[in-house]
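The structure appears below as C-alpha cells.
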Amino acid sequence: MRHMDFAPLFRSTIGFDRLVQMLDAASGLDNEAGYPPYNIERTGENAYRITLAVAGFGSDELKVDVKENVLSVKGEKKPDTTERSYLYRGIAARSFERRFQLAEHVEVRGADLENGVLSVDLVRNLPERMKPRTIAIGSGSADPKQIEAAA
C-alpha cells in the first residue's frame with residue numbers, strides 16, 4: 001500500500017493542478033534512488049548548490065537540462081572499447097538520470113565538474129512584486145472629506 005491515487009484530487013480541485021502533480025510525482029517509486037549520491041546545500045540567502053558524485057564520468061558524458069521547473073542530470077557512459085580483465089569492479093559505470101523539482105523562480109546559474117564531483121549552482125530570483133516591502137503609514141492629519149447625505 002505504498003501507492004496513493006491522487007485522481008480524486010484532480011476532479012475536486014481547480015487551480016491546484018501543479019501541487020497535485022508534484023504529490024503524484026513524489027509518491028512514485030524511484031528505481032535507482034541511491035545512484036548517484038548527491039548533496040543539496042544552501043550557499044547563501046537565495047543560493048543553493050547540488051553536488052553529485054559522478055566518479056568515472058567525463059564532462060562529455062554528462063548532460064544537465066532544465067525544463068518546466070525540473071532539473072535533470074543525465075549520465076551516459078560511453079562503451080569501453082579496450083579489453084580489460086577486472087578482478088573487482090567497484091566504480092559504477094552505468095547510465096543514470098536524476099531529477100530535481102525546482103521551486104518557482106529558481107534558476108540554474110551553471111554547472112562544473114571537478115575531481116569526479118558535478119556541482120550545479122542555483123539561485124532564487126524573486127520578482128520585485130513578490131519581495132517584502134515596507135508600506136508608509138500616513139498620519140491622518142489631512143482634513144477628512146465630509147460626505148453630505150440627504151435627510
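Residue numbering restarts at 1 for every chain of the C-alpha cells, chains are lettered A, B, ... in their displayed order, and ligands are numbered from 1 as they appear.
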Near Glu107 (chain A), counting only C-alpha atoms, which residues have an atom at most 12 Å away, once you skip same-chain residues fewer than 6 positions from it, shown as number ranges by chain? A: 46-49, 65-71, 101, 120-126
Saved selection, atoms kept: C-alpha atoms, as a compact mmCIF listing (two decimals), in the first residue's frame:
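The result, stored in again_27.txt:
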# COMPACT_ATOMS: atom_id res chain seq x y z
CA ASN A 46 18.90 32.77 -2.11
CA ALA A 47 21.61 30.47 -3.45
CA TYR A 48 21.84 26.68 -3.49
CA ARG A 49 24.20 24.01 -4.81
CA ASP A 65 18.83 20.20 -18.60
CA VAL A 66 16.09 22.41 -17.14
CA LYS A 67 12.54 22.14 -18.43
CA GLU A 68 9.37 23.37 -16.72
CA ASN A 69 10.95 23.68 -13.24
CA VAL A 70 12.57 20.24 -13.40
CA LEU A 71 16.35 19.97 -13.29
CA GLN A 101 11.87 19.56 -8.80
CA VAL A 120 25.10 22.66 -10.13
CA ASP A 121 24.61 26.20 -8.80
CA LEU A 122 21.08 27.53 -8.37
CA VAL A 123 19.71 30.92 -7.38
CA ARG A 124 16.21 32.06 -6.46
CA ASN A 125 15.28 35.37 -8.11
CA LEU A 126 12.04 36.75 -6.75
From region 44-105 of chain A, collect each residue whose DSSP state is strand (DSSP E or B) and return the set as a ChimeraX atom specification. /A:47-53,62-67,70-75,96-101
Output N, CA and C atoms for every residue in the selection just made, as a PDB file, in the first residue's frame.
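Resulting contents of selection38.pdb:
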ATOM      1  N   ALA A  47      20.748  31.266  -2.588  1.00  0.00           N
ATOM      2  CA  ALA A  47      21.615  30.471  -3.453  1.00  0.00           C
ATOM      3  C   ALA A  47      21.737  29.049  -2.913  1.00  0.00           C
ATOM      4  N   TYR A  48      21.769  28.098  -3.846  1.00  0.00           N
ATOM      5  CA  TYR A  48      21.841  26.684  -3.494  1.00  0.00           C
ATOM      6  C   TYR A  48      22.832  25.985  -4.410  1.00  0.00           C
ATOM      7  N   ARG A  49      23.295  24.819  -3.986  1.00  0.00           N
ATOM      8  CA  ARG A  49      24.200  24.010  -4.807  1.00  0.00           C
ATOM      9  C   ARG A  49      23.840  22.548  -4.642  1.00  0.00           C
ATOM     10  N   ILE A  50      23.713  21.870  -5.766  1.00  0.00           N
ATOM     11  CA  ILE A  50      23.524  20.426  -5.784  1.00  0.00           C
ATOM     12  C   ILE A  50      24.837  19.823  -6.248  1.00  0.00           C
ATOM     13  N   THR A  51      25.391  18.903  -5.455  1.00  0.00           N
ATOM     14  CA  THR A  51      26.627  18.226  -5.842  1.00  0.00           C
ATOM     15  C   THR A  51      26.329  16.743  -5.987  1.00  0.00           C
ATOM     16  N   LEU A  52      26.779  16.171  -7.093  1.00  0.00           N
ATOM     17  CA  LEU A  52      26.578  14.760  -7.379  1.00  0.00           C
ATOM     18  C   LEU A  52      27.930  14.086  -7.536  1.00  0.00           C
ATOM     19  N   ALA A  53      28.099  12.915  -6.927  1.00  0.00           N
ATOM     20  CA  ALA A  53      29.329  12.133  -7.064  1.00  0.00           C
ATOM     21  C   ALA A  53      29.218  11.312  -8.340  1.00  0.00           C
ATOM     22  N   LEU A  62      28.061  13.733 -19.505  1.00  0.00           N
ATOM     23  CA  LEU A  62      27.042  14.277 -18.609  1.00  0.00           C
ATOM     24  C   LEU A  62      26.225  15.336 -19.335  1.00  0.00           C
ATOM     25  N   LYS A  63      24.933  15.413 -18.987  1.00  0.00           N
ATOM     26  CA  LYS A  63      24.055  16.406 -19.586  1.00  0.00           C
ATOM     27  C   LYS A  63      23.153  16.974 -18.495  1.00  0.00           C
ATOM     28  N   VAL A  64      23.091  18.305 -18.399  1.00  0.00           N
ATOM     29  CA  VAL A  64      22.253  18.990 -17.415  1.00  0.00           C
ATOM     30  C   VAL A  64      21.218  19.803 -18.187  1.00  0.00           C
ATOM     31  N   ASP A  65      19.928  19.515 -17.921  1.00  0.00           N
ATOM     32  CA  ASP A  65      18.826  20.198 -18.600  1.00  0.00           C
ATOM     33  C   ASP A  65      17.849  20.759 -17.575  1.00  0.00           C
ATOM     34  N   VAL A  66      17.180  21.851 -17.949  1.00  0.00           N
ATOM     35  CA  VAL A  66      16.089  22.407 -17.139  1.00  0.00           C
ATOM     36  C   VAL A  66      14.897  22.577 -18.064  1.00  0.00           C
ATOM     37  N   LYS A  67      13.760  22.002 -17.647  1.00  0.00           N
ATOM     38  CA  LYS A  67      12.537  22.145 -18.427  1.00  0.00           C
ATOM     39  C   LYS A  67      11.360  22.148 -17.470  1.00  0.00           C
ATOM     40  N   VAL A  70      11.968  21.529 -13.735  1.00  0.00           N
ATOM     41  CA  VAL A  70      12.570  20.238 -13.402  1.00  0.00           C
ATOM     42  C   VAL A  70      14.004  20.260 -13.902  1.00  0.00           C
ATOM     43  N   LEU A  71      14.927  20.081 -12.960  1.00  0.00           N
ATOM     44  CA  LEU A  71      16.346  19.975 -13.294  1.00  0.00           C
ATOM     45  C   LEU A  71      16.649  18.497 -13.494  1.00  0.00           C
ATOM     46  N   SER A  72      17.210  18.166 -14.642  1.00  0.00           N
ATOM     47  CA  SER A  72      17.506  16.776 -14.971  1.00  0.00           C
ATOM     48  C   SER A  72      19.005  16.641 -15.235  1.00  0.00           C
ATOM     49  N   VAL A  73      19.630  15.692 -14.547  1.00  0.00           N
ATOM     50  CA  VAL A  73      21.047  15.399 -14.750  1.00  0.00           C
ATOM     51  C   VAL A  73      21.134  13.977 -15.270  1.00  0.00           C
ATOM     52  N   LYS A  74      21.709  13.834 -16.468  1.00  0.00           N
ATOM     53  CA  LYS A  74      21.830  12.518 -17.099  1.00  0.00           C
ATOM     54  C   LYS A  74      23.305  12.187 -17.293  1.00  0.00           C
ATOM     55  N   GLY A  75      23.617  10.949 -17.080  1.00  0.00           N
ATOM     56  CA  GLY A  75      24.961  10.454 -17.343  1.00  0.00           C
ATOM     57  C   GLY A  75      24.877   9.210 -18.201  1.00  0.00           C
ATOM     58  N   PHE A  96      22.643   6.899 -15.798  1.00  0.00           N
ATOM     59  CA  PHE A  96      21.689   7.331 -14.776  1.00  0.00           C
ATOM     60  C   PHE A  96      20.957   8.568 -15.245  1.00  0.00           C
ATOM     61  N   GLU A  97      19.850   8.833 -14.571  1.00  0.00           N
ATOM     62  CA  GLU A  97      19.130  10.096 -14.726  1.00  0.00           C
ATOM     63  C   GLU A  97      18.554  10.463 -13.368  1.00  0.00           C
ATOM     64  N   ARG A  98      18.887  11.641 -12.906  1.00  0.00           N
ATOM     65  CA  ARG A  98      18.414  12.129 -11.605  1.00  0.00           C
ATOM     66  C   ARG A  98      17.656  13.418 -11.868  1.00  0.00           C
ATOM     67  N   ARG A  99      16.449  13.531 -11.299  1.00  0.00           N
ATOM     68  CA  ARG A  99      15.622  14.725 -11.498  1.00  0.00           C
ATOM     69  C   ARG A  99      15.374  15.421 -10.171  1.00  0.00           C
ATOM     70  N   PHE A 100      15.358  16.739 -10.229  1.00  0.00           N
ATOM     71  CA  PHE A 100      15.095  17.576  -9.067  1.00  0.00           C
ATOM     72  C   PHE A 100      13.984  18.552  -9.426  1.00  0.00           C
ATOM     73  N   GLN A 101      12.955  18.615  -8.601  1.00  0.00           N
ATOM     74  CA  GLN A 101      11.865  19.558  -8.802  1.00  0.00           C
ATOM     75  C   GLN A 101      12.303  20.903  -8.231  1.00  0.00           C
TER      76      GLN A 101
END
Surrounding residues of Ile91 (chain A) excluding itself and chain neighbours under 6 positions, 10 Å, only C-alpha atoms, as a list in words: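 Returned residues: Val54, Ala55 and Gly56 of chain A.
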Using only N, CA and C atoms, please write the residues we just selected to a file, as a PDB file, in the first residue's frame.
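Printed below is again-v3.pdb as written:
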ATOM      1  N   VAL A  54      29.926  11.726  -9.376  1.00  0.00           N
ATOM      2  CA  VAL A  54      29.849  11.076 -10.683  1.00  0.00           C
ATOM      3  C   VAL A  54      31.224  10.560 -11.101  1.00  0.00           C
ATOM      4  N   ALA A  55      31.849   9.795 -10.210  1.00  0.00           N
ATOM      5  CA  ALA A  55      33.188   9.261 -10.483  1.00  0.00           C
ATOM      6  C   ALA A  55      33.172   8.426 -11.757  1.00  0.00           C
ATOM      7  N   GLY A  56      34.162   8.648 -12.604  1.00  0.00           N
ATOM      8  CA  GLY A  56      34.292   7.889 -13.836  1.00  0.00           C
ATOM      9  C   GLY A  56      33.612   8.516 -15.037  1.00  0.00           C
TER      10      GLY A  56
END
